[in-house]
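Source file target.cif; content: mmCIF, C-alpha atoms and all ligand atoms.
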data_query
#
loop_
_atom_site.group_PDB
_atom_site.id
_atom_site.type_symbol
_atom_site.label_atom_id
_atom_site.label_comp_id
_atom_site.auth_asym_id
_atom_site.auth_seq_id
_atom_site.Cartn_x
_atom_site.Cartn_y
_atom_site.Cartn_z
ATOM 1 C CA MET A 243 96.621 129.842 72.781
ATOM 2 C CA SER A 244 99.067 127.025 72.108
ATOM 3 C CA ARG A 245 98.883 123.737 73.935
ATOM 4 C CA GLU A 246 102.268 124.513 75.493
ATOM 5 C CA THR A 247 100.865 127.473 77.394
ATOM 6 C CA LEU A 248 98.065 125.443 78.924
ATOM 7 C CA PRO A 249 98.387 124.275 82.487
ATOM 8 C CA GLN A 250 99.939 120.858 82.539
ATOM 9 C CA GLU A 251 98.749 117.630 84.154
ATOM 10 C CA ASN A 252 95.710 118.178 86.275
ATOM 11 C CA ALA A 253 95.740 116.188 89.447
ATOM 12 C CA SER A 254 92.965 117.913 91.389
ATOM 13 C CA GLY A 255 90.893 119.374 88.546
ATOM 14 C CA ALA A 256 89.919 116.137 86.785
ATOM 15 C CA ASP A 257 86.478 114.886 87.692
ATOM 16 C CA ALA A 258 86.460 111.895 89.959
ATOM 17 C CA SER A 259 83.776 110.520 87.662
ATOM 18 C CA ASP A 260 85.880 110.823 84.510
ATOM 19 C CA ASP A 261 86.502 107.650 82.572
ATOM 20 C CA ALA A 262 89.827 106.089 83.241
ATOM 21 C CA GLY A 263 92.208 106.202 80.301
ATOM 22 C CA PRO A 264 94.741 108.464 78.685
ATOM 23 C CA ARG A 265 92.344 111.405 78.153
ATOM 24 C CA SER A 266 91.408 111.567 81.826
ATOM 25 C CA GLN A 267 95.060 112.169 82.574
ATOM 26 C CA LEU A 268 94.912 115.462 80.686
ATOM 27 C CA GLY A 269 93.891 118.735 82.325
ATOM 28 C CA ARG A 270 90.367 119.948 81.716
ATOM 29 C CA LEU A 271 91.476 122.838 79.493
ATOM 30 C CA GLN A 272 93.659 120.613 77.352
ATOM 31 C CA ARG A 273 90.739 118.245 76.888
ATOM 32 C CA ILE A 274 88.514 121.166 75.858
ATOM 33 C CA ALA A 275 91.207 122.390 73.464
ATOM 34 C CA ALA A 276 91.250 118.876 72.015
ATOM 35 C CA GLY A 277 87.522 119.153 71.283
ATOM 36 C CA GLU A 278 85.875 117.529 74.299
ATOM 37 C CA HIS A 279 82.865 119.078 75.963
ATOM 38 C CA LEU A 280 82.974 118.887 79.744
ATOM 39 C CA PRO A 281 80.207 120.051 82.075
ATOM 40 C CA SER A 282 80.617 123.517 83.617
ATOM 41 C CA GLU A 283 81.293 123.759 87.338
ATOM 42 C CA ILE A 284 78.365 125.849 88.541
ATOM 43 C CA HIS A 285 78.262 126.607 92.236
ATOM 44 C CA PRO A 286 74.952 126.020 94.060
ATOM 45 C CA ALA A 287 74.947 129.709 95.173
ATOM 46 C CA VAL A 288 74.159 130.726 91.577
ATOM 47 C CA MET A 289 71.197 128.381 91.414
ATOM 48 C CA GLU A 290 69.786 129.845 94.632
ATOM 49 C CA GLU A 291 69.378 133.246 92.956
ATOM 50 C CA THR A 292 66.294 134.306 91.002
ATOM 51 C CA PRO A 293 67.358 134.469 87.377
ATOM 52 C CA ILE A 294 66.333 137.317 85.121
ATOM 53 C CA LEU A 295 68.017 135.683 82.179
ATOM 54 C CA GLU A 296 68.497 131.984 81.519
ATOM 55 C CA ILE A 297 71.060 130.943 78.957
ATOM 56 C CA ASP A 298 70.276 127.404 77.955
ATOM 57 C CA GLN A 299 72.672 125.161 75.997
ATOM 58 C CA PHE A 300 73.622 128.075 73.811
ATOM 59 C CA ASN A 301 75.953 127.493 70.847
ATOM 60 C CA LEU A 302 77.134 130.069 68.320
ATOM 61 C CA TRP A 303 79.016 129.720 65.051
ATOM 62 C CA TYR A 304 80.678 132.415 62.940
ATOM 63 C CA GLY A 305 80.386 130.585 59.605
ATOM 64 C CA SER A 306 82.020 127.223 60.213
ATOM 65 C CA LYS A 307 83.889 128.372 63.319
ATOM 66 C CA GLN A 308 82.155 127.578 66.578
ATOM 67 C CA ALA A 309 82.705 130.343 69.171
ATOM 68 C CA LEU A 310 80.372 129.242 71.989
ATOM 69 C CA PHE A 311 79.795 125.661 73.100
ATOM 70 C CA ASP A 312 76.727 124.601 75.007
ATOM 71 C CA VAL A 313 76.803 127.527 77.429
ATOM 72 C CA SER A 314 74.169 127.210 80.170
ATOM 73 C CA MET A 315 74.041 129.819 82.914
ATOM 74 C CA ASN A 316 71.474 131.796 84.872
ATOM 75 C CA ILE A 317 72.062 135.508 85.328
ATOM 76 C CA PRO A 318 70.822 136.558 88.794
ATOM 77 C CA THR A 319 68.334 139.422 89.017
ATOM 78 C CA GLY A 320 69.690 142.743 90.310
ATOM 79 C CA LYS A 321 73.253 141.471 90.664
ATOM 80 C CA VAL A 322 76.509 142.167 88.839
ATOM 81 C CA THR A 323 77.876 139.176 86.936
ATOM 82 C CA ALA A 324 81.364 139.381 85.445
ATOM 83 C CA LEU A 325 82.543 137.346 82.458
ATOM 84 C CA ILE A 326 86.275 136.680 82.570
ATOM 85 C CA GLY A 327 88.647 134.543 80.524
ATOM 86 C CA PRO A 328 91.532 134.790 78.088
ATOM 87 C CA SER A 329 91.239 136.794 74.896
ATOM 88 C CA GLY A 330 89.059 135.070 72.326
ATOM 89 C CA CYS A 331 87.204 132.841 74.812
ATOM 90 C CA GLY A 332 83.843 134.239 73.709
ATOM 91 C CA LYS A 333 82.972 136.781 76.429
ATOM 92 C CA SER A 334 81.927 139.533 74.006
ATOM 93 C CA THR A 335 80.208 137.051 71.728
ATOM 94 C CA LEU A 336 78.074 135.889 74.649
ATOM 95 C CA LEU A 337 77.314 139.474 75.684
ATOM 96 C CA ARG A 338 76.396 140.470 72.136
ATOM 97 C CA SER A 339 74.121 137.441 71.844
ATOM 98 C CA VAL A 340 72.015 138.655 74.759
ATOM 99 C CA ASN A 341 70.798 141.711 72.862
ATOM 100 C CA ARG A 342 70.979 139.962 69.498
ATOM 101 C CA MET A 343 73.709 142.218 68.166
ATOM 102 C CA ASN A 344 75.224 139.175 66.520
ATOM 103 C CA ASP A 345 72.182 139.148 64.230
ATOM 104 C CA LEU A 346 73.934 142.000 62.434
ATOM 105 C CA ILE A 347 76.835 139.729 61.465
ATOM 106 C CA ASP A 348 76.384 137.602 58.363
ATOM 107 C CA ALA A 349 76.813 133.874 58.735
ATOM 108 C CA VAL A 350 76.165 133.808 62.480
ATOM 109 C CA ARG A 351 74.169 130.752 63.465
ATOM 110 C CA THR A 352 73.000 129.796 66.934
ATOM 111 C CA SER A 353 71.291 126.936 68.714
ATOM 112 C CA GLY A 354 69.879 126.609 72.206
ATOM 113 C CA ASP A 355 67.907 129.328 73.901
ATOM 114 C CA MET A 356 68.071 132.449 76.040
ATOM 115 C CA ARG A 357 65.076 133.499 78.094
ATOM 116 C CA LEU A 358 64.362 136.862 79.686
ATOM 117 C CA TYR A 359 61.695 136.418 82.348
ATOM 118 C CA ASP A 360 60.897 132.984 80.888
ATOM 119 C CA GLN A 361 60.390 134.348 77.368
ATOM 120 C CA SER A 362 62.708 133.342 74.577
ATOM 121 C CA ILE A 363 64.672 136.272 73.215
ATOM 122 C CA LEU A 364 65.964 134.307 70.248
ATOM 123 C CA SER A 365 62.680 133.445 68.640
ATOM 124 C CA PRO A 366 62.251 135.058 65.192
ATOM 125 C CA ASP A 367 59.122 136.949 66.239
ATOM 126 C CA VAL A 368 60.938 138.908 68.986
ATOM 127 C CA ASP A 369 61.011 142.650 68.238
ATOM 128 C CA VAL A 370 64.772 143.168 68.332
ATOM 129 C CA ILE A 371 64.479 146.948 68.714
ATOM 130 C CA GLU A 372 62.322 146.494 71.812
ATOM 131 C CA LEU A 373 64.684 143.823 73.115
ATOM 132 C CA ARG A 374 67.645 146.185 72.798
ATOM 133 C CA LYS A 375 65.797 148.759 74.880
ATOM 134 C CA LEU A 376 65.535 146.169 77.641
ATOM 135 C CA MET A 377 69.225 145.340 77.283
ATOM 136 C CA GLY A 378 71.188 148.609 77.431
ATOM 137 C CA MET A 379 74.669 148.145 76.036
ATOM 138 C CA VAL A 380 77.858 150.099 76.727
ATOM 139 C CA PHE A 381 80.990 149.462 74.705
ATOM 140 C CA GLN A 382 84.704 149.453 75.392
ATOM 141 C CA LYS A 383 85.305 152.793 73.744
ATOM 142 C CA PRO A 384 82.933 155.569 74.826
ATOM 143 C CA ASN A 385 80.729 156.394 71.830
ATOM 144 C CA PRO A 386 78.783 159.586 72.514
ATOM 145 C CA PHE A 387 76.934 160.889 69.477
ATOM 146 C CA PRO A 388 78.083 164.214 67.981
ATOM 147 C CA MET A 389 75.286 166.121 69.662
ATOM 148 C CA SER A 390 74.689 167.855 72.996
ATOM 149 C CA ILE A 391 74.965 166.091 76.341
ATOM 150 C CA PHE A 392 71.212 166.508 76.719
ATOM 151 C CA GLU A 393 70.408 165.024 73.308
ATOM 152 C CA ASN A 394 72.807 162.135 73.892
ATOM 153 C CA VAL A 395 70.916 161.132 77.021
ATOM 154 C CA VAL A 396 67.396 161.509 75.652
ATOM 155 C CA TYR A 397 68.276 159.919 72.310
ATOM 156 C CA PRO A 398 66.380 156.659 73.042
ATOM 157 C CA LEU A 399 63.253 158.682 73.827
ATOM 158 C CA ARG A 400 63.614 160.861 70.733
ATOM 159 C CA ILE A 401 63.735 157.832 68.460
ATOM 160 C CA ASP A 402 60.514 156.683 70.103
ATOM 161 C CA GLY A 403 58.974 160.031 69.093
ATOM 162 C CA GLU A 404 58.968 161.596 72.581
ATOM 163 C CA ASN A 405 59.210 165.382 72.292
ATOM 164 C CA ASN A 406 57.526 166.546 75.495
ATOM 165 C CA ARG A 407 60.098 168.875 77.030
ATOM 166 C CA ARG A 408 59.075 168.126 80.614
ATOM 167 C CA VAL A 409 59.428 164.359 80.086
ATOM 168 C CA LEU A 410 62.778 164.781 78.345
ATOM 169 C CA ASP A 411 64.101 167.081 81.088
ATOM 170 C CA GLU A 412 63.050 164.630 83.786
ATOM 171 C CA VAL A 413 64.588 161.613 82.087
ATOM 172 C CA CYS A 414 67.770 163.544 81.332
ATOM 173 C CA GLU A 415 68.287 164.559 84.940
ATOM 174 C CA LYS A 416 67.307 161.165 86.361
ATOM 175 C CA SER A 417 69.611 159.301 83.965
ATOM 176 C CA LEU A 418 72.557 161.640 84.521
ATOM 177 C CA ARG A 419 72.074 161.385 88.270
ATOM 178 C CA GLY A 420 71.863 157.589 87.890
ATOM 179 C CA ALA A 421 75.150 157.655 86.006
ATOM 180 C CA ALA A 422 76.775 159.872 88.674
ATOM 181 C CA LEU A 423 77.379 162.617 86.112
ATOM 182 C CA TRP A 424 74.676 165.191 86.878
ATOM 183 C CA ASP A 425 76.746 167.390 89.181
ATOM 184 C CA GLU A 426 79.563 167.587 86.654
ATOM 185 C CA VAL A 427 77.429 168.519 83.635
ATOM 186 C CA LYS A 428 74.207 170.116 84.871
ATOM 187 C CA ASP A 429 75.401 173.585 83.833
ATOM 188 C CA ARG A 430 76.553 172.534 80.384
ATOM 189 C CA LEU A 431 73.846 170.220 79.114
ATOM 190 C CA HIS A 432 73.836 171.917 75.726
ATOM 191 C CA GLU A 433 77.533 171.492 75.105
ATOM 192 C CA SER A 434 78.670 168.667 72.885
ATOM 193 C CA GLY A 435 78.965 165.223 74.452
ATOM 194 C CA LEU A 436 82.319 165.015 72.697
ATOM 195 C CA SER A 437 83.632 167.867 74.879
ATOM 196 C CA LEU A 438 83.624 165.615 77.943
ATOM 197 C CA SER A 439 86.626 163.655 79.223
ATOM 198 C CA GLY A 440 86.844 159.950 78.348
ATOM 199 C CA GLY A 441 85.524 158.869 81.740
ATOM 200 C CA GLN A 442 82.682 161.378 81.596
ATOM 201 C CA GLN A 443 81.864 160.209 78.060
ATOM 202 C CA GLN A 444 81.617 156.639 79.305
ATOM 203 C CA ARG A 445 79.276 157.710 82.123
ATOM 204 C CA LEU A 446 77.283 159.662 79.509
ATOM 205 C CA CYS A 447 76.933 156.426 77.518
ATOM 206 C CA ILE A 448 75.760 154.678 80.682
ATOM 207 C CA ALA A 449 73.238 157.517 81.230
ATOM 208 C CA ARG A 450 71.989 157.003 77.662
ATOM 209 C CA ALA A 451 71.656 153.266 78.310
ATOM 210 C CA ILE A 452 69.730 153.945 81.531
ATOM 211 C CA ALA A 453 67.405 156.461 79.809
ATOM 212 C CA SER A 454 65.519 153.704 78.031
ATOM 213 C CA ASP A 455 64.802 152.072 81.407
ATOM 214 C CA PRO A 456 66.454 148.735 80.657
ATOM 215 C CA GLU A 457 66.191 145.524 82.651
ATOM 216 C CA VAL A 458 69.782 144.530 82.009
ATOM 217 C CA LEU A 459 72.927 146.576 81.408
ATOM 218 C CA LEU A 460 75.513 144.905 79.209
ATOM 219 C CA LEU A 461 78.964 146.413 79.704
ATOM 220 C CA ASP A 462 81.699 145.278 77.333
ATOM 221 C CA GLU A 463 85.027 146.158 78.982
ATOM 222 C CA PRO A 464 83.649 149.556 79.972
ATOM 223 C CA CYS A 465 86.859 150.761 81.626
ATOM 224 C CA SER A 466 89.528 149.452 79.317
ATOM 225 C CA ALA A 467 89.910 152.746 77.417
ATOM 226 C CA LEU A 468 89.891 154.870 80.583
ATOM 227 C CA ASP A 469 92.591 156.201 82.901
ATOM 228 C CA PRO A 470 92.656 154.789 86.457
ATOM 229 C CA VAL A 471 90.701 157.677 88.006
ATOM 230 C CA SER A 472 87.911 157.555 85.409
ATOM 231 C CA SER A 473 87.967 153.791 85.599
ATOM 232 C CA GLY A 474 87.464 153.996 89.366
ATOM 233 C CA LYS A 475 84.460 156.260 88.884
ATOM 234 C CA VAL A 476 82.857 153.869 86.416
ATOM 235 C CA GLU A 477 83.536 150.968 88.805
ATOM 236 C CA ASP A 478 81.880 152.896 91.648
ATOM 237 C CA LEU A 479 78.966 153.549 89.348
ATOM 238 C CA ILE A 480 78.601 149.845 88.522
ATOM 239 C CA SER A 481 78.394 149.096 92.245
ATOM 240 C CA GLU A 482 75.823 151.874 92.745
ATOM 241 C CA LEU A 483 73.676 150.644 89.864
ATOM 242 C CA SER A 484 73.617 147.044 91.026
ATOM 243 C CA GLY A 485 70.335 146.263 92.703
ATOM 244 C CA GLN A 486 68.484 148.667 90.430
ATOM 245 C CA TYR A 487 69.681 146.853 87.333
ATOM 246 C CA THR A 488 71.018 143.455 86.473
ATOM 247 C CA ILE A 489 74.506 144.006 85.105
ATOM 248 C CA LEU A 490 76.540 141.686 82.924
ATOM 249 C CA VAL A 491 80.082 142.973 82.513
ATOM 250 C CA VAL A 492 82.935 141.661 80.404
ATOM 251 C CA THR A 493 86.335 142.489 81.796
ATOM 252 C CA HIS A 494 89.949 141.551 81.241
ATOM 253 C CA ASN A 495 90.806 142.994 84.593
ATOM 254 C CA MET A 496 90.441 140.412 87.315
ATOM 255 C CA GLN A 497 90.860 142.887 90.166
ATOM 256 C CA GLN A 498 88.004 144.813 88.634
ATOM 257 C CA ALA A 499 85.824 141.697 88.403
ATOM 258 C CA ALA A 500 86.653 140.959 92.042
ATOM 259 C CA ARG A 501 85.799 144.540 93.078
ATOM 260 C CA VAL A 502 82.556 145.122 91.219
ATOM 261 C CA SER A 503 80.803 141.808 90.714
ATOM 262 C CA ASP A 504 78.658 139.547 92.859
ATOM 263 C CA PHE A 505 79.114 136.543 90.569
ATOM 264 C CA THR A 506 81.887 135.619 88.161
ATOM 265 C CA ALA A 507 81.919 133.240 85.209
ATOM 266 C CA PHE A 508 85.243 131.982 83.882
ATOM 267 C CA MET A 509 85.203 131.072 80.194
ATOM 268 C CA TYR A 510 87.761 129.304 78.062
ATOM 269 C CA LEU A 511 87.694 128.619 74.298
ATOM 270 C CA GLY A 512 83.942 129.235 74.127
ATOM 271 C CA HIS A 513 83.122 126.998 77.110
ATOM 272 C CA LEU A 514 81.819 128.074 80.498
ATOM 273 C CA ILE A 515 84.325 126.535 82.883
ATOM 274 C CA GLU A 516 83.345 127.683 86.379
ATOM 275 C CA TYR A 517 80.651 130.048 87.644
ATOM 276 C CA GLY A 518 80.020 131.096 91.207
ATOM 277 C CA HIS A 519 80.033 133.765 93.860
ATOM 278 C CA THR A 520 82.889 136.161 93.030
ATOM 279 C CA GLU A 521 84.426 135.872 96.468
ATOM 280 C CA VAL A 522 84.391 132.084 96.358
ATOM 281 C CA LEU A 523 85.576 131.885 92.766
ATOM 282 C CA PHE A 524 88.550 134.119 93.505
ATOM 283 C CA ASN A 525 89.439 132.748 96.916
ATOM 284 C CA ASP A 526 88.434 129.135 96.767
ATOM 285 C CA PRO A 527 87.710 128.048 93.194
ATOM 286 C CA ARG A 528 86.550 124.498 92.691
ATOM 287 C CA LEU A 529 88.770 123.849 89.682
ATOM 288 C CA ARG A 530 92.501 124.054 89.517
ATOM 289 C CA GLU A 531 92.152 125.566 86.026
ATOM 290 C CA THR A 532 90.206 128.531 87.412
ATOM 291 C CA ASP A 533 92.825 128.987 90.091
ATOM 292 C CA ASP A 534 95.579 128.875 87.467
ATOM 293 C CA TYR A 535 93.844 131.574 85.440
ATOM 294 C CA ILE A 536 93.013 133.941 88.270
ATOM 295 C CA THR A 537 96.467 133.651 89.733
ATOM 296 C CA GLY A 538 97.967 134.511 86.349
ATOM 297 C CA ARG A 539 99.550 131.149 85.610
ATOM 298 C CA PHE A 540 98.150 131.325 82.061
ATOM 299 C CA GLY A 541 96.021 133.522 79.784
HETATM 300 N N1 LIG B 601 82.629 138.889 63.696
HETATM 301 C C1 LIG B 601 83.328 137.770 63.854
HETATM 302 N N2 LIG B 601 83.546 136.927 62.822
HETATM 303 C C2 LIG B 601 84.250 135.791 62.962
HETATM 304 N N3 LIG B 601 84.785 135.376 64.134
HETATM 305 C C3 LIG B 601 84.607 136.171 65.191
HETATM 306 C C4 LIG B 601 83.888 137.400 65.131
HETATM 307 N N4 LIG B 601 83.877 137.968 66.355
HETATM 308 C C5 LIG B 601 84.564 137.129 67.164
HETATM 309 N N5 LIG B 601 85.003 136.050 66.474
HETATM 310 C C6 LIG B 601 85.779 134.928 67.005
HETATM 311 O O1 LIG B 601 85.025 134.325 68.063
HETATM 312 C C7 LIG B 601 85.887 133.980 69.139
HETATM 313 C C8 LIG B 601 85.409 134.690 70.399
HETATM 314 O O2 LIG B 601 85.644 136.082 70.240
HETATM 315 P P1 LIG B 601 85.166 137.158 71.311
HETATM 316 O O3 LIG B 601 85.485 138.502 70.774
HETATM 317 O O4 LIG B 601 83.782 136.873 71.701
HETATM 318 O O5 LIG B 601 86.133 136.781 72.529
HETATM 319 P P2 LIG B 601 86.489 137.632 73.819
HETATM 320 O O6 LIG B 601 86.636 136.655 74.919
HETATM 321 O O7 LIG B 601 85.495 138.722 73.998
HETATM 322 O O8 LIG B 601 87.893 138.228 73.418
HETATM 323 P P3 LIG B 601 88.616 139.598 73.873
HETATM 324 O O9 LIG B 601 88.784 139.459 75.350
HETATM 325 O O10 LIG B 601 89.909 139.583 73.122
HETATM 326 O O11 LIG B 601 87.717 140.722 73.476
HETATM 327 C C9 LIG B 601 87.289 134.353 68.727
HETATM 328 O O12 LIG B 601 87.912 133.213 68.195
HETATM 329 C C10 LIG B 601 87.077 135.407 67.658
HETATM 330 O O13 LIG B 601 88.118 135.392 66.722
#
Encoding of this model in structure tokens:
Amino acid sequence: MSRETLPQENASGADASDDAGPRSQLGRLQRIAAGEHLPSEIHPAVMEETPILEIDQFNLWYGSKQALFDVSMNIPTGKVTALIGPSGCGKSTLLRSVNRMNDLIDAVRTSGDMRLYDQSILSPDVDVIELRKLMGMVFQKPNPFPMSIFENVVYPLRIDGENNRRVLDEVCEKSLRGAALWDEVKDRLHESGLSLSGGQQQRLCIARAIASDPEVLLLDEPCSALDPVSSGKVEDLISELSGQYTILVVTHNMQQAARVSDFTAFMYLGHLIEYGHTEVLFNDPRLRETDDYITGRFG
């Protein structure tokens, strides 16, 4: 994003405690774009929640390019947290860090910590395969495997060596019910997962993620490849799953964030800018920059 597209002079958004001088006259986002690090505006409501995941001064570099800057945020247990912000602000990078998918990319370096139930998930002795079972991930584009609906769902159990038919049947039904897909597919479990519509495929991927009994569901723009009806079904599903699972969802769609999430974090150029209750963040944000973004004045 060019400097010209940034919100101009910030009268209300600058901290009262900022040093006087030319830099303090600039808006927060311009100062961040110029390389400053400013503290995130985290609403007290977030801190009142019990965190399942604590992200603590987390930085990430792709080679020499820094993509996340000192991100600290608690993810509340059993709630839906949305990550919003302009393209390239680091939403997916943050999401992929939580299940260590960025480990698969050469030259990624991190500092800081992330803790699931008080235990570091970044330490080298963490079993990444086990971690990924606790952090079920669903991607933008539905990615069912070229196998039956049944085998797609029970895949995580199969790779653990589970072959007991009764167990597999139970998990398959429970997961498909959990993903609000059971009624649509119960008579065709042995048809290919690829024969389903896009929206059904995405719910199948959610069923597969649920099958490994995760603690957290990581959803990376789960509706962006879907038509409005399918998208609505996946949104309903996210609301139904909240409470049972902690959900962290990246979305470009602010109406969607407002509809499905309990908490929303606004990111910009790799920085966490403001984080609070979704209703408050959308209706009464603390920072003018957040207001500018959610009202479509930039981004
Ligand atoms: N594999 C990679 N190698 C190098 N740089 C990367 C890689 N993936 C992402 N980046 C860079 O890191 C920054 C953050 O990207 P990321 O995809 O996390 O942002 P985003 O907010 O999810 O964007 P979008 O909304 O467009 O998906 C961007 O500058 C991007 O170019």
Translate the PyMOL selection byres (((chain A and resi 324) around 6) and not hetatm) into a concrete residue list for this structure, as a list of chain:residue names. A:Thr323, A:Leu325, A:Leu490, A:Val491, A:Val492, A:Ala499, A:Ser503, A:Thr506
Please, which residues have at least one atom within 9 Å of an atom of ligand LIG 601 (chain B), using only C-alpha atoms and all ligand atoms, listed as a ChimeraX atom specification? /A:302-305,307-310,325-338,344,347-350,462-463,492-494,509-512
Would you translate the PyMOL selection byres (((chain A and resi 501) around 12) and not hetatm) into the concrete set of residues it matches in this file, as a list in words? Val322, Thr323, Ala324, Gly474, Val476, Glu477, Asp478, Leu479, Ile480, Ser481, Thr493, Asn495, Met496, Gln497, Gln498, Ala499, Ala500, Val502, Ser503, Asp504, Phe505, Thr506, Thr520, Glu521 and Phe524 of chain A
Preceding selection exported with C-alpha atoms as an mmCIF file, in the frame of the given file:
data_model
loop_
_atom_site.group_PDB
_atom_site.id
_atom_site.type_symbol
_atom_site.label_atom_id
_atom_site.label_comp_id
_atom_site.auth_asym_id
_atom_site.auth_seq_id
_atom_site.Cartn_x
_atom_site.Cartn_y
_atom_site.Cartn_z
ATOM 1 C CA VAL A 322 76.509 142.167 88.839
ATOM 2 C CA THR A 323 77.876 139.176 86.936
ATOM 3 C CA ALA A 324 81.364 139.381 85.445
ATOM 4 C CA GLY A 474 87.464 153.996 89.366
ATOM 5 C CA VAL A 476 82.857 153.869 86.416
ATOM 6 C CA GLU A 477 83.536 150.968 88.805
ATOM 7 C CA ASP A 478 81.880 152.896 91.648
ATOM 8 C CA LEU A 479 78.966 153.549 89.348
ATOM 9 C CA ILE A 480 78.601 149.845 88.522
ATOM 10 C CA SER A 481 78.394 149.096 92.245
ATOM 11 C CA THR A 493 86.335 142.489 81.796
ATOM 12 C CA ASN A 495 90.806 142.994 84.593
ATOM 13 C CA MET A 496 90.441 140.412 87.315
ATOM 14 C CA GLN A 497 90.860 142.887 90.166
ATOM 15 C CA GLN A 498 88.004 144.813 88.634
ATOM 16 C CA ALA A 499 85.824 141.697 88.403
ATOM 17 C CA ALA A 500 86.653 140.959 92.042
ATOM 18 C CA VAL A 502 82.556 145.122 91.219
ATOM 19 C CA SER A 503 80.803 141.808 90.714
ATOM 20 C CA ASP A 504 78.658 139.547 92.859
ATOM 21 C CA PHE A 505 79.114 136.543 90.569
ATOM 22 C CA THR A 506 81.887 135.619 88.161
ATOM 23 C CA THR A 520 82.889 136.161 93.030
ATOM 24 C CA GLU A 521 84.426 135.872 96.468
ATOM 25 C CA PHE A 524 88.550 134.119 93.505
#
Could you tell me which residues the PyMOL selection byres (((chain A and resi 431-448) around 8) and not hetatm) returns for this structure, as a VMD selection string? chain A and resid 380 383 to 392 394 to 395 418 421 to 423 427 to 430 449 to 452 464 467 to 469 472 to 473 475 to 476
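Considering all atoms listed in the file, the residue among A:Asp534, A:Asp455, A:Asp402, A:Glu516 positioned nearest to A:Val288 is A:Glu516.
For the atom pair formed by atom CA of A:Ser365 and atom CA of A:Asp345, the distance is 11.9 Å, given to one decimal.
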One number please: atom CA of A:Cys414 to atom CA of A:Asp369, in Å, one decimal.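 Computing it gives 25.6 Å between the two atoms.
Of the residues listed (A:Ile536, A:Leu399, A:Leu459, A:Leu529), A:Leu529 shows the shortest atom-to-atom separation from A:Gly269; distances use all atoms listed in the file.
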Which one is closest to A:Ile371: A:Ser454, A:Ser282, A:Gly420, A:Thr532? Count all atoms listed in the file.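 Counting all atoms listed in the file, the residue closest to A:Ile371 is A:Ser454.
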Could you put an axis-aligned box around every listed atom of stretch 366-377 of chain A, padded by 5 Å on each side, and send me its centre and edge lengths in Å to one decimal, as JSON?
{"center_x": 64.2, "center_y": 141.9, "center_z": 71.4, "size_x": 20.1, "size_y": 23.7, "size_z": 22.4}
Just checking: using all atoms listed in the file, which residue out of A:Tyr487, A:Ile297, A:Val522, A:Asp312 ends up closest to A:Ser339? A:Ile297
Would you list the residues near (79.0, 124.9, 91.3) (no more than 8 Å away, in the coordinates of the file, using only C-alpha atoms) as a PyMOL selection string? chain A and resi 282-288+516-518+528
